[in-house]
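One file, protein-v1.pdb, is given below (PDB, C-alpha atoms).
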```
ATOM      1  CA  MET A   1      14.192  31.089  20.942
ATOM      2  CA  SER A   2      10.458  30.632  21.351
ATOM      3  CA  GLY A   3       8.434  29.431  24.284
ATOM      4  CA  VAL A   4       8.440  25.763  25.062
ATOM      5  CA  SER A   5       5.836  24.022  22.946
ATOM      6  CA  ASN A   6       3.161  22.138  24.840
ATOM      7  CA  PHE A   7       1.976  20.238  21.776
ATOM      8  CA  ASN A   8       2.495  16.499  21.446
ATOM      9  CA  VAL A   9       2.496  14.604  18.183
ATOM     10  CA  SER A  10      -0.592  12.422  18.086
ATOM     11  CA  PRO A  11       0.200   8.696  17.780
ATOM     12  CA  TYR A  12      -3.047   8.288  15.840
ATOM     13  CA  ALA A  13      -3.581   8.977  12.168
ATOM     14  CA  TYR A  14      -5.971  11.880  11.563
ATOM     15  CA  GLU A  15      -9.040  11.102   9.468
ATOM     16  CA  LEU A  16      -9.398  13.711   6.742
ATOM     17  CA  PHE A  17     -12.607  12.323   5.239
ATOM     18  CA  ASN A  18     -14.216   8.987   4.449
ATOM     19  CA  ILE A  19     -15.458   7.273   1.327
ATOM     20  CA  GLY A  20     -18.364   4.906   1.845
ATOM     21  CA  GLY A  21     -17.471   4.555   5.509
ATOM     22  CA  PHE A  22     -13.803   3.880   4.733
ATOM     23  CA  PRO A  23     -11.650   6.441   6.585
ATOM     24  CA  ILE A  24      -9.030   8.296   4.558
ATOM     25  CA  THR A  25      -6.281   9.379   6.949
ATOM     26  CA  ASN A  26      -3.452  11.870   6.546
ATOM     27  CA  SER A  27      -0.857   9.080   6.540
ATOM     28  CA  PHE A  28      -2.813   7.154   3.888
ATOM     29  CA  VAL A  29      -2.927  10.225   1.639
ATOM     30  CA  MET A  30       0.815  10.698   2.131
ATOM     31  CA  SER A  31       1.561   7.042   1.418
ATOM     32  CA  VAL A  32      -0.505   6.908  -1.767
ATOM     33  CA  GLY A  33       0.689  10.309  -2.941
ATOM     34  CA  VAL A  34       4.366   9.483  -2.541
ATOM     35  CA  SER A  35       3.859   6.070  -4.188
ATOM     36  CA  LEU A  36       2.276   7.711  -7.232
ATOM     37  CA  LEU A  37       5.024  10.317  -7.280
ATOM     38  CA  ILE A  38       7.709   7.609  -7.232
ATOM     39  CA  ALA A  39       6.063   5.791 -10.137
ATOM     40  CA  TRP A  40       5.613   9.010 -12.116
ATOM     41  CA  GLY A  41       9.139  10.228 -11.360
ATOM     42  CA  ILE A  42      10.820   7.009 -12.501
ATOM     43  CA  ASN A  43       8.715   6.876 -15.657
ATOM     44  CA  ALA A  44       9.355  10.549 -16.448
ATOM     45  CA  ALA A  45      13.080  10.342 -15.753
ATOM     46  CA  ILE A  46      13.789   7.089 -17.573
ATOM     47  CA  GLY A  47      10.799   6.367 -19.808
ATOM     48  CA  LYS A  48      11.493   3.409 -22.028
ATOM     49  CA  PRO A  49      14.914   1.933 -21.111
ATOM     50  CA  LYS A  50      17.513   2.584 -23.812
ATOM     51  CA  LEU A  51      20.507   0.527 -24.857
ATOM     52  CA  ARG A  52      22.554   3.697 -24.523
ATOM     53  CA  PRO A  53      21.254   5.055 -21.215
ATOM     54  CA  ASN A  54      20.818   8.721 -20.416
ATOM     55  CA  ARG A  55      22.267  10.167 -17.243
ATOM     56  CA  THR A  56      19.236   9.359 -15.068
ATOM     57  CA  GLN A  57      18.947   5.805 -16.358
ATOM     58  CA  GLY A  58      22.683   5.362 -15.826
ATOM     59  CA  MET A  59      22.416   6.533 -12.215
ATOM     60  CA  MET A  60      19.500   4.163 -11.618
ATOM     61  CA  GLU A  61      21.420   1.264 -13.145
ATOM     62  CA  VAL A  62      24.421   1.995 -10.935
ATOM     63  CA  ALA A  63      22.162   2.057  -7.864
ATOM     64  CA  ILE A  64      20.469  -1.207  -8.897
ATOM     65  CA  VAL A  65      23.782  -2.968  -9.521
ATOM     66  CA  GLY A  66      25.051  -1.753  -6.150
ATOM     67  CA  LEU A  67      21.951  -3.039  -4.364
ATOM     68  CA  GLN A  68      22.194  -6.364  -6.189
ATOM     69  CA  GLY A  69      25.763  -6.712  -4.957
ATOM     70  CA  MET A  70      24.576  -5.991  -1.433
ATOM     71  CA  PHE A  71      21.672  -8.463  -1.494
ATOM     72  CA  ARG A  72      23.443 -11.293  -3.389
ATOM     73  CA  PRO A  73      25.481 -12.703  -0.461
ATOM     74  CA  VAL A  74      22.430 -12.462   1.814
ATOM     75  CA  VAL A  75      19.724 -14.191  -0.249
ATOM     76  CA  GLY A  76      22.007 -16.251  -2.514
ATOM     77  CA  GLU A  77      22.592 -16.127  -6.244
ATOM     78  CA  LYS A  78      19.583 -18.236  -7.243
ATOM     79  CA  MET A  79      17.204 -16.321  -4.966
ATOM     80  CA  LEU A  80      18.434 -12.890  -6.053
ATOM     81  CA  LYS A  81      16.404 -12.649  -9.247
ATOM     82  CA  ALA A  82      13.191 -13.730  -7.519
ATOM     83  CA  THR A  83      13.556 -11.502  -4.452
ATOM     84  CA  PHE A  84      15.211  -8.390  -5.885
ATOM     85  CA  PRO A  85      11.999  -6.642  -7.073
ATOM     86  CA  LEU A  86      10.524  -7.008  -3.577
ATOM     87  CA  LEU A  87      13.672  -5.897  -1.767
ATOM     88  CA  ILE A  88      14.350  -2.856  -3.932
ATOM     89  CA  SER A  89      10.688  -1.841  -3.641
ATOM     90  CA  PHE A  90      10.854  -2.053   0.155
ATOM     91  CA  PHE A  91      14.062  -0.030   0.261
ATOM     92  CA  PHE A  92      13.026   2.856  -1.968
ATOM     93  CA  PHE A  93       9.419   3.000  -0.719
ATOM     94  CA  ILE A  94      10.450   3.229   2.937
ATOM     95  CA  LEU A  95      13.382   5.542   2.221
ATOM     96  CA  ILE A  96      11.416   8.084   0.174
ATOM     97  CA  GLN A  97       8.443   7.945   2.548
ATOM     98  CA  ASN A  98      10.825   8.707   5.429
ATOM     99  CA  TRP A  99      12.546  11.575   3.622
ATOM    100  CA  PHE A 100       9.322  13.137   2.374
ATOM    101  CA  GLY A 101       8.301  13.533   5.994
ATOM    102  CA  LEU A 102      11.014  16.211   6.297
ATOM    103  CA  ILE A 103       9.609  18.429   3.548
ATOM    104  CA  PRO A 104       8.259  21.758   4.885
ATOM    105  CA  GLY A 105       4.505  21.570   5.301
ATOM    106  CA  VAL A 106       4.482  17.848   6.034
ATOM    107  CA  GLY A 107       3.769  17.374   9.714
ATOM    108  CA  THR A 108       3.481  21.102  10.409
ATOM    109  CA  VAL A 109       0.159  22.274   8.943
ATOM    110  CA  GLY A 110      -2.896  20.922  10.721
ATOM    111  CA  LEU A 111      -5.404  21.277  13.540
ATOM    112  CA  ILE A 112      -5.128  21.361  17.319
ATOM    113  CA  ASP A 113      -6.881  18.455  19.026
ATOM    114  CA  THR A 114      -7.364  17.984  22.783
ATOM    115  CA  HIS A 115      -7.190  14.365  23.948
ATOM    116  CA  GLU A 116      -7.202  13.336  27.633
ATOM    117  CA  GLY A 117      -6.156  16.817  28.742
ATOM    118  CA  GLU A 118      -3.223  17.089  26.321
ATOM    119  CA  ARG A 119      -3.082  19.166  23.180
ATOM    120  CA  HIS A 120      -2.034  17.284  20.048
ATOM    121  CA  LEU A 121      -1.231  18.650  16.634
ATOM    122  CA  THR A 122      -3.026  16.513  14.050
ATOM    123  CA  TYR A 123      -1.872  17.662  10.645
ATOM    124  CA  PHE A 124      -3.105  17.239   7.104
ATOM    125  CA  LEU A 125      -0.069  15.354   5.778
ATOM    126  CA  ARG A 126       1.565  12.810   8.071
ATOM    127  CA  PRO A 127       4.751  10.853   7.242
ATOM    128  CA  ALA A 128       3.459   7.390   6.387
ATOM    129  CA  ASN A 129       5.905   5.428   8.544
ATOM    130  CA  THR A 130       5.062   7.411  11.679
ATOM    131  CA  ASP A 131       1.650   5.724  11.513
ATOM    132  CA  LEU A 132       1.744   2.298  13.149
ATOM    133  CA  THR A 133      -0.918   1.020  10.731
ATOM    134  CA  ASN A 134       1.379   1.596   7.757
ATOM    135  CA  ALA A 135       4.354   0.056   9.551
ATOM    136  CA  ILE A 136       2.315  -3.029  10.463
ATOM    137  CA  ALA A 137       1.165  -3.369   6.850
ATOM    138  CA  LEU A 138       4.810  -3.382   5.721
ATOM    139  CA  GLY A 139       5.676  -5.994   8.377
ATOM    140  CA  ILE A 140       2.798  -8.236   7.301
ATOM    141  CA  LEU A 141       3.778  -7.853   3.642
ATOM    142  CA  SER A 142       7.357  -8.815   4.483
ATOM    143  CA  PHE A 143       6.149 -11.894   6.377
ATOM    144  CA  ALA A 144       3.740 -12.903   3.591
ATOM    145  CA  ALA A 145       6.565 -12.630   1.056
ATOM    146  CA  TRP A 146       8.762 -14.786   3.308
ATOM    147  CA  VAL A 147       6.030 -17.457   3.465
ATOM    148  CA  PHE A 148       5.671 -17.381  -0.335
ATOM    149  CA  TYR A 149       9.402 -17.819  -0.950
ATOM    150  CA  VAL A 150       9.659 -20.615   1.612
ATOM    151  CA  LEU A 151       6.808 -22.556  -0.006
ATOM    152  CA  GLN A 152       7.932 -21.834  -3.566
ATOM    153  CA  TYR A 153      11.692 -22.269  -3.297
ATOM    154  CA  ALA A 154      12.512 -24.212  -0.128
ATOM    155  CA  GLY A 155       9.440 -26.432   0.151
ATOM    156  CA  ILE A 156       7.546 -26.973   3.354
ATOM    157  CA  ARG A 157       9.069 -30.410   3.930
ATOM    158  CA  ASN A 158      12.661 -29.189   3.630
ATOM    159  CA  PHE A 159      11.887 -26.171   5.757
ATOM    160  CA  LEU A 160      10.342 -28.220   8.585
ATOM    161  CA  LYS A 161      13.238 -30.654   8.440
ATOM    162  CA  GLU A 162      15.704 -27.786   8.701
ATOM    163  CA  LEU A 163      13.689 -26.260  11.529
ATOM    164  CA  PHE A 164      13.010 -29.284  13.727
ATOM    165  CA  GLY A 165      15.415 -31.921  12.455
ATOM    166  CA  SER A 166      18.619 -33.000  14.134
ATOM    167  CA  LYS A 167      21.707 -31.059  13.107
ATOM    168  CA  VAL A 168      24.042 -33.987  13.762
ATOM    169  CA  LYS A 169      24.312 -37.324  12.004
ATOM    170  CA  LYS A 170      23.308 -40.415  13.946
ATOM    171  CA  SER A 171      26.627 -42.065  13.147
ATOM    172  CA  ALA A 172      28.577 -39.114  14.541
ATOM    173  CA  VAL A 173      27.425 -39.472  18.170
ATOM    174  CA  PRO A 174      26.481 -42.349  20.489
ATOM    175  CA  ALA A 175      22.814 -43.372  20.464
ATOM    176  CA  LEU A 176      22.599 -42.404  24.136
ATOM    177  CA  LEU A 177      23.275 -38.790  23.130
ATOM    178  CA  PHE A 178      21.659 -38.711  19.705
ATOM    179  CA  TYR A 179      18.012 -39.076  20.790
ATOM    180  CA  PRO A 180      18.178 -36.499  23.607
ATOM    181  CA  MET A 181      19.816 -34.159  21.098
ATOM    182  CA  CYS A 182      16.890 -34.745  18.704
ATOM    183  CA  VAL A 183      14.497 -33.664  21.459
ATOM    184  CA  LEU A 184      16.684 -30.622  22.135
ATOM    185  CA  PHE A 185      16.732 -29.610  18.461
ATOM    186  CA  PHE A 186      12.949 -30.025  18.312
ATOM    187  CA  LEU A 187      12.530 -27.680  21.296
ATOM    188  CA  VAL A 188      14.910 -25.210  19.669
ATOM    189  CA  GLY A 189      12.715 -25.427  16.564
ATOM    190  CA  ILE A 190       9.668 -24.436  18.626
ATOM    191  CA  ILE A 191      11.560 -21.394  19.930
ATOM    192  CA  GLU A 192      12.509 -20.551  16.337
ATOM    193  CA  VAL A 193       8.834 -20.747  15.310
ATOM    194  CA  ILE A 194       7.983 -18.219  18.018
ATOM    195  CA  SER A 195      10.755 -15.909  16.806
ATOM    196  CA  ILE A 196       9.471 -16.233  13.229
ATOM    197  CA  LEU A 197       5.934 -15.318  14.262
ATOM    198  CA  ILE A 198       7.037 -12.162  16.059
ATOM    199  CA  ARG A 199       9.103 -10.925  13.108
ATOM    200  CA  PRO A 200       6.268  -8.811  11.647
ATOM    201  CA  VAL A 201       5.847  -7.192  15.066
ATOM    202  CA  SER A 202       9.552  -6.452  15.517
ATOM    203  CA  LEU A 203       9.915  -5.118  11.964
ATOM    204  CA  SER A 204       6.842  -2.905  12.338
ATOM    205  CA  PHE A 205       7.616  -1.472  15.759
ATOM    206  CA  ARG A 206      11.294  -0.890  14.947
ATOM    207  CA  LEU A 207      10.354   1.191  11.914
ATOM    208  CA  PHE A 208       7.453   2.972  13.608
ATOM    209  CA  GLY A 209       9.326   3.638  16.847
ATOM    210  CA  ASN A 210      12.326   5.237  15.180
ATOM    211  CA  MET A 211      10.321   7.368  12.764
ATOM    212  CA  PHE A 212       7.701   8.443  15.322
ATOM    213  CA  GLY A 213      10.456   9.220  17.808
ATOM    214  CA  GLY A 214      12.220  11.351  15.213
ATOM    215  CA  GLU A 215       8.977  13.157  14.459
ATOM    216  CA  ASN A 216       8.535  13.999  18.145
ATOM    217  CA  LEU A 217      12.168  15.104  18.402
ATOM    218  CA  LEU A 218      11.843  17.525  15.491
ATOM    219  CA  MET A 219       8.552  18.871  16.839
ATOM    220  CA  ASN A 220      10.035  19.566  20.268
ATOM    221  CA  ILE A 221      13.292  21.034  18.967
ATOM    222  CA  SER A 222      11.363  23.284  16.582
ATOM    223  CA  GLY A 223       9.149  24.332  19.504
ATOM    224  CA  LEU A 224      12.219  25.397  21.488
ATOM    225  CA  PHE A 225      14.227  26.972  18.689
ATOM    226  CA  LEU A 226      12.850  28.403  15.456
ATOM    227  CA  TRP A 227      16.136  28.860  13.598
ATOM    228  CA  ILE A 228      19.556  27.232  13.145
ATOM    229  CA  ILE A 229      19.426  24.752  16.054
ATOM    230  CA  PRO A 230      16.882  22.367  14.415
ATOM    231  CA  VAL A 231      18.940  22.099  11.194
ATOM    232  CA  PRO A 232      21.418  19.402  12.411
ATOM    233  CA  PHE A 233      18.490  17.326  13.646
ATOM    234  CA  TYR A 234      16.958  17.378  10.167
ATOM    235  CA  PHE A 235      20.200  16.013   8.756
ATOM    236  CA  MET A 236      20.207  13.381  11.492
ATOM    237  CA  GLU A 237      16.679  12.348  10.488
ATOM    238  CA  LEU A 238      17.848  12.022   6.871
ATOM    239  CA  MET A 239      20.389   9.469   8.090
ATOM    240  CA  VAL A 240      17.847   7.749  10.355
ATOM    241  CA  GLY A 241      15.419   7.476   7.444
ATOM    242  CA  PHE A 242      18.091   5.806   5.324
ATOM    243  CA  VAL A 243      19.178   3.458   8.108
ATOM    244  CA  GLN A 244      15.608   2.327   8.830
ATOM    245  CA  ALA A 245      14.936   1.607   5.146
ATOM    246  CA  PHE A 246      18.208  -0.330   4.965
ATOM    247  CA  VAL A 247      17.573  -2.301   8.173
ATOM    248  CA  PHE A 248      14.001  -3.273   7.233
ATOM    249  CA  THR A 249      15.074  -4.413   3.767
ATOM    250  CA  MET A 250      18.173  -6.281   4.908
ATOM    251  CA  LEU A 251      16.310  -8.113   7.684
ATOM    252  CA  THR A 252      13.709  -9.220   5.131
ATOM    253  CA  ALA A 253      16.538 -10.445   2.905
ATOM    254  CA  VAL A 254      18.215 -12.253   5.807
ATOM    255  CA  TYR A 255      15.003 -14.045   6.787
ATOM    256  CA  ILE A 256      14.432 -15.216   3.211
ATOM    257  CA  GLY A 257      18.051 -16.250   2.757
ATOM    258  CA  LEU A 258      18.124 -18.271   5.973
ATOM    259  CA  ALA A 259      14.947 -20.138   5.043
ATOM    260  CA  CYS A 260      15.730 -20.818   1.382
ATOM    261  CA  ASN A 261      19.442 -21.692   1.579
ATOM    262  CA  HIS A 262      20.402 -24.780   3.537
ATOM    263  CA  GLY A 263      23.795 -26.113   4.415
ATOM    264  CA  GLY A 264      25.544 -23.393   2.442
ATOM    265  CA  GLU A 265      23.901 -24.556  -0.763
ATOM    266  CA  GLU A 266      20.917 -22.897  -2.354
ATOM    267  CA  THR A 267      17.767 -24.917  -2.727
ATOM    268  CA  GLU A 268      16.630 -25.575  -6.249
ATOM    269  CA  HIS A 269      13.404 -23.970  -7.399
ATOM    270  CA  LYS A 270      10.458 -26.225  -6.752
ATOM    271  CA  HIS A 271       8.180 -26.653  -9.742
TER
END
```
Let me see the file written as structure tokens.
Amino acid sequence: MSGVSNFNVSPYAYELFNIGGFPITNSFVMSVGVSLLIAWGINAAIGKPKLRPNRTQGMMEVAIVGLQGMFRPVVGEKMLKATFPLLISFFFFILIQNWFGLIPGVGTVGLIDTHEGERHLTYFLRPANTDLTNAIALGILSFAAWVFYVLQYAGIRNFLKELFGSKVKKSAVPALLFYPMCVLFFLVGIIEVISILIRPVSLSFRLFGNMFGGENLLMNISGLFLWIIPVPFYFMELMVGFVQAFVFTMLTAVYIGLACNHGGEETEHKH
């Protein structure tokens, strides 16, 4: 057991250098590096897809089919083909970024920085999703994709009708109740608009909060105990990394499915 560490993980990304005034941070380097590694790894392992797949291609196909089966009931059959590239990209990008943060050397080699009387360890490679900037970028991308699918597949008119329109037929209730219910549904629609607008924030902070919290946990446990004790926490962070990738991706799928499928029937593609 070592002495209690008095280092805190900095919530800010550490600027390594800048190009033309554009700061290059440790989390940006990690994000780009892992993205390139994912692209290279898939290309090297599979190459040109074959009719008779090798073992790696077969494993990838099994994973893709499994994910398709998971997303299909959420986004709908007709939306699956359009949304699957986005959803699978979200899942694997977030998952591998989270897991790469557990590799020795990532988040452990860096410089000591004093900020407001506290000592922070600002390291050369930072897990991308422990940087709020990266998490916000993912949340904005998810929201932008949702807007695109709503405009392309649901149509703005159908979407607004579904959002603010009455959910009961005029013939089903007395006129005395129908019009107040229309006002009520309109007010509910306004609340729904507010909830839609805060989705990028909730997605971003959920991902950032869990990953940054895990980073702090590992740093403190490793500061207390050098051997054995931190190992279970690393396995826990493997599970947390998977769960956060799954949650982010599934919530994106749910938002798209709710907007583009109405009344249990999928909306036809708008040309």
Evaluating the PyMOL selection byres ((chain A and resi 138) around 12) on the displayed file yields which residues, as a PDB file with C-alpha atoms, in the frame of the given file?
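Below you can see result.pdb, which holds the result:
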```
ATOM      1  CA  SER A  31       1.561   7.042   1.418  1.00  0.00           C
ATOM      2  CA  LEU A  86      10.524  -7.008  -3.577  1.00  0.00           C
ATOM      3  CA  LEU A  87      13.672  -5.897  -1.767  1.00  0.00           C
ATOM      4  CA  SER A  89      10.688  -1.841  -3.641  1.00  0.00           C
ATOM      5  CA  PHE A  90      10.854  -2.053   0.155  1.00  0.00           C
ATOM      6  CA  PHE A  91      14.062  -0.030   0.261  1.00  0.00           C
ATOM      7  CA  PHE A  93       9.419   3.000  -0.719  1.00  0.00           C
ATOM      8  CA  ILE A  94      10.450   3.229   2.937  1.00  0.00           C
ATOM      9  CA  ALA A 128       3.459   7.390   6.387  1.00  0.00           C
ATOM     10  CA  ASN A 129       5.905   5.428   8.544  1.00  0.00           C
ATOM     11  CA  ASP A 131       1.650   5.724  11.513  1.00  0.00           C
ATOM     12  CA  LEU A 132       1.744   2.298  13.149  1.00  0.00           C
ATOM     13  CA  THR A 133      -0.918   1.020  10.731  1.00  0.00           C
ATOM     14  CA  ASN A 134       1.379   1.596   7.757  1.00  0.00           C
ATOM     15  CA  ALA A 135       4.354   0.056   9.551  1.00  0.00           C
ATOM     16  CA  ILE A 136       2.315  -3.029  10.463  1.00  0.00           C
ATOM     17  CA  ALA A 137       1.165  -3.369   6.850  1.00  0.00           C
ATOM     18  CA  GLY A 139       5.676  -5.994   8.377  1.00  0.00           C
ATOM     19  CA  ILE A 140       2.798  -8.236   7.301  1.00  0.00           C
ATOM     20  CA  LEU A 141       3.778  -7.853   3.642  1.00  0.00           C
ATOM     21  CA  SER A 142       7.357  -8.815   4.483  1.00  0.00           C
ATOM     22  CA  PHE A 143       6.149 -11.894   6.377  1.00  0.00           C
ATOM     23  CA  ALA A 144       3.740 -12.903   3.591  1.00  0.00           C
ATOM     24  CA  ALA A 145       6.565 -12.630   1.056  1.00  0.00           C
ATOM     25  CA  ARG A 199       9.103 -10.925  13.108  1.00  0.00           C
ATOM     26  CA  PRO A 200       6.268  -8.811  11.647  1.00  0.00           C
ATOM     27  CA  VAL A 201       5.847  -7.192  15.066  1.00  0.00           C
ATOM     28  CA  SER A 202       9.552  -6.452  15.517  1.00  0.00           C
ATOM     29  CA  LEU A 203       9.915  -5.118  11.964  1.00  0.00           C
ATOM     30  CA  SER A 204       6.842  -2.905  12.338  1.00  0.00           C
ATOM     31  CA  PHE A 205       7.616  -1.472  15.759  1.00  0.00           C
ATOM     32  CA  ARG A 206      11.294  -0.890  14.947  1.00  0.00           C
ATOM     33  CA  LEU A 207      10.354   1.191  11.914  1.00  0.00           C
ATOM     34  CA  PHE A 208       7.453   2.972  13.608  1.00  0.00           C
ATOM     35  CA  ALA A 245      14.936   1.607   5.146  1.00  0.00           C
ATOM     36  CA  PHE A 248      14.001  -3.273   7.233  1.00  0.00           C
ATOM     37  CA  THR A 249      15.074  -4.413   3.767  1.00  0.00           C
ATOM     38  CA  THR A 252      13.709  -9.220   5.131  1.00  0.00           C
TER      39      THR A 252
END
```
Nearest residue to A:Val193 from the set A:Ile38, A:Ile24, A:Val247, A:Leu160 (distances using only C-alpha atoms):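 For A:Val193, the nearest of the given residues is A:Leu160.
Taking atom CA of A:Ala82 and atom CA of A:Ile156 as endpoints, the distance between them is 18.0 Å.
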Can you tell me, as a list of chain:residue names, what residues are no more than 10 Å from A:Asn98 when counting all atoms listed in the file, ignoring any on the same chain fewer than 3 positions away? A:Phe92, A:Phe93, A:Ile94, A:Leu95, A:Gly101, A:Leu102, A:Ile103, A:Pro127, A:Ala128, A:Asn129, A:Thr130, A:Leu207, A:Met211, A:Glu237, A:Leu238, A:Met239, A:Val240, A:Gly241, A:Phe242, A:Gln244, A:Ala245
As an exercise, work out the distance from atom CA of A:Gly214 to atom CA of A:Phe233 in Å and give it to one decimal place.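 Going from atom CA of A:Gly214 over to atom CA of A:Phe233 covers 8.8 Å.
One distance worth recording is that between atom CA of A:Pro53 and atom CA of A:Ile96, which is 23.7 Å.
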Could you state which residues are captured by the PyMOL selection byres ((chain A and resi 80) around 12) in this file, as a PyMOL selection string? chain A and resi 65+67-79+81-88+149+153+253-254+256-257+260-261+266
Take the residues from that selection and write them out as a PDB file, in the coordinates of the input, keeping C-alpha atoms.
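As a result, selection-v9.pdb now contains:
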```
ATOM      1  CA  VAL A  65      23.782  -2.968  -9.521  1.00  0.00           C
ATOM      2  CA  LEU A  67      21.951  -3.039  -4.364  1.00  0.00           C
ATOM      3  CA  GLN A  68      22.194  -6.364  -6.189  1.00  0.00           C
ATOM      4  CA  GLY A  69      25.763  -6.712  -4.957  1.00  0.00           C
ATOM      5  CA  MET A  70      24.576  -5.991  -1.433  1.00  0.00           C
ATOM      6  CA  PHE A  71      21.672  -8.463  -1.494  1.00  0.00           C
ATOM      7  CA  ARG A  72      23.443 -11.293  -3.389  1.00  0.00           C
ATOM      8  CA  PRO A  73      25.481 -12.703  -0.461  1.00  0.00           C
ATOM      9  CA  VAL A  74      22.430 -12.462   1.814  1.00  0.00           C
ATOM     10  CA  VAL A  75      19.724 -14.191  -0.249  1.00  0.00           C
ATOM     11  CA  GLY A  76      22.007 -16.251  -2.514  1.00  0.00           C
ATOM     12  CA  GLU A  77      22.592 -16.127  -6.244  1.00  0.00           C
ATOM     13  CA  LYS A  78      19.583 -18.236  -7.243  1.00  0.00           C
ATOM     14  CA  MET A  79      17.204 -16.321  -4.966  1.00  0.00           C
ATOM     15  CA  LYS A  81      16.404 -12.649  -9.247  1.00  0.00           C
ATOM     16  CA  ALA A  82      13.191 -13.730  -7.519  1.00  0.00           C
ATOM     17  CA  THR A  83      13.556 -11.502  -4.452  1.00  0.00           C
ATOM     18  CA  PHE A  84      15.211  -8.390  -5.885  1.00  0.00           C
ATOM     19  CA  PRO A  85      11.999  -6.642  -7.073  1.00  0.00           C
ATOM     20  CA  LEU A  86      10.524  -7.008  -3.577  1.00  0.00           C
ATOM     21  CA  LEU A  87      13.672  -5.897  -1.767  1.00  0.00           C
ATOM     22  CA  ILE A  88      14.350  -2.856  -3.932  1.00  0.00           C
ATOM     23  CA  TYR A 149       9.402 -17.819  -0.950  1.00  0.00           C
ATOM     24  CA  TYR A 153      11.692 -22.269  -3.297  1.00  0.00           C
ATOM     25  CA  ALA A 253      16.538 -10.445   2.905  1.00  0.00           C
ATOM     26  CA  VAL A 254      18.215 -12.253   5.807  1.00  0.00           C
ATOM     27  CA  ILE A 256      14.432 -15.216   3.211  1.00  0.00           C
ATOM     28  CA  GLY A 257      18.051 -16.250   2.757  1.00  0.00           C
ATOM     29  CA  CYS A 260      15.730 -20.818   1.382  1.00  0.00           C
ATOM     30  CA  ASN A 261      19.442 -21.692   1.579  1.00  0.00           C
ATOM     31  CA  GLU A 266      20.917 -22.897  -2.354  1.00  0.00           C
TER      32      GLU A 266
END
```
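With all atoms listed in the file as the atoms that count, the residue of A:Val147, A:Val173, A:Leu163, A:Leu36 with the shortest distance to A:Leu187 is A:Leu163.
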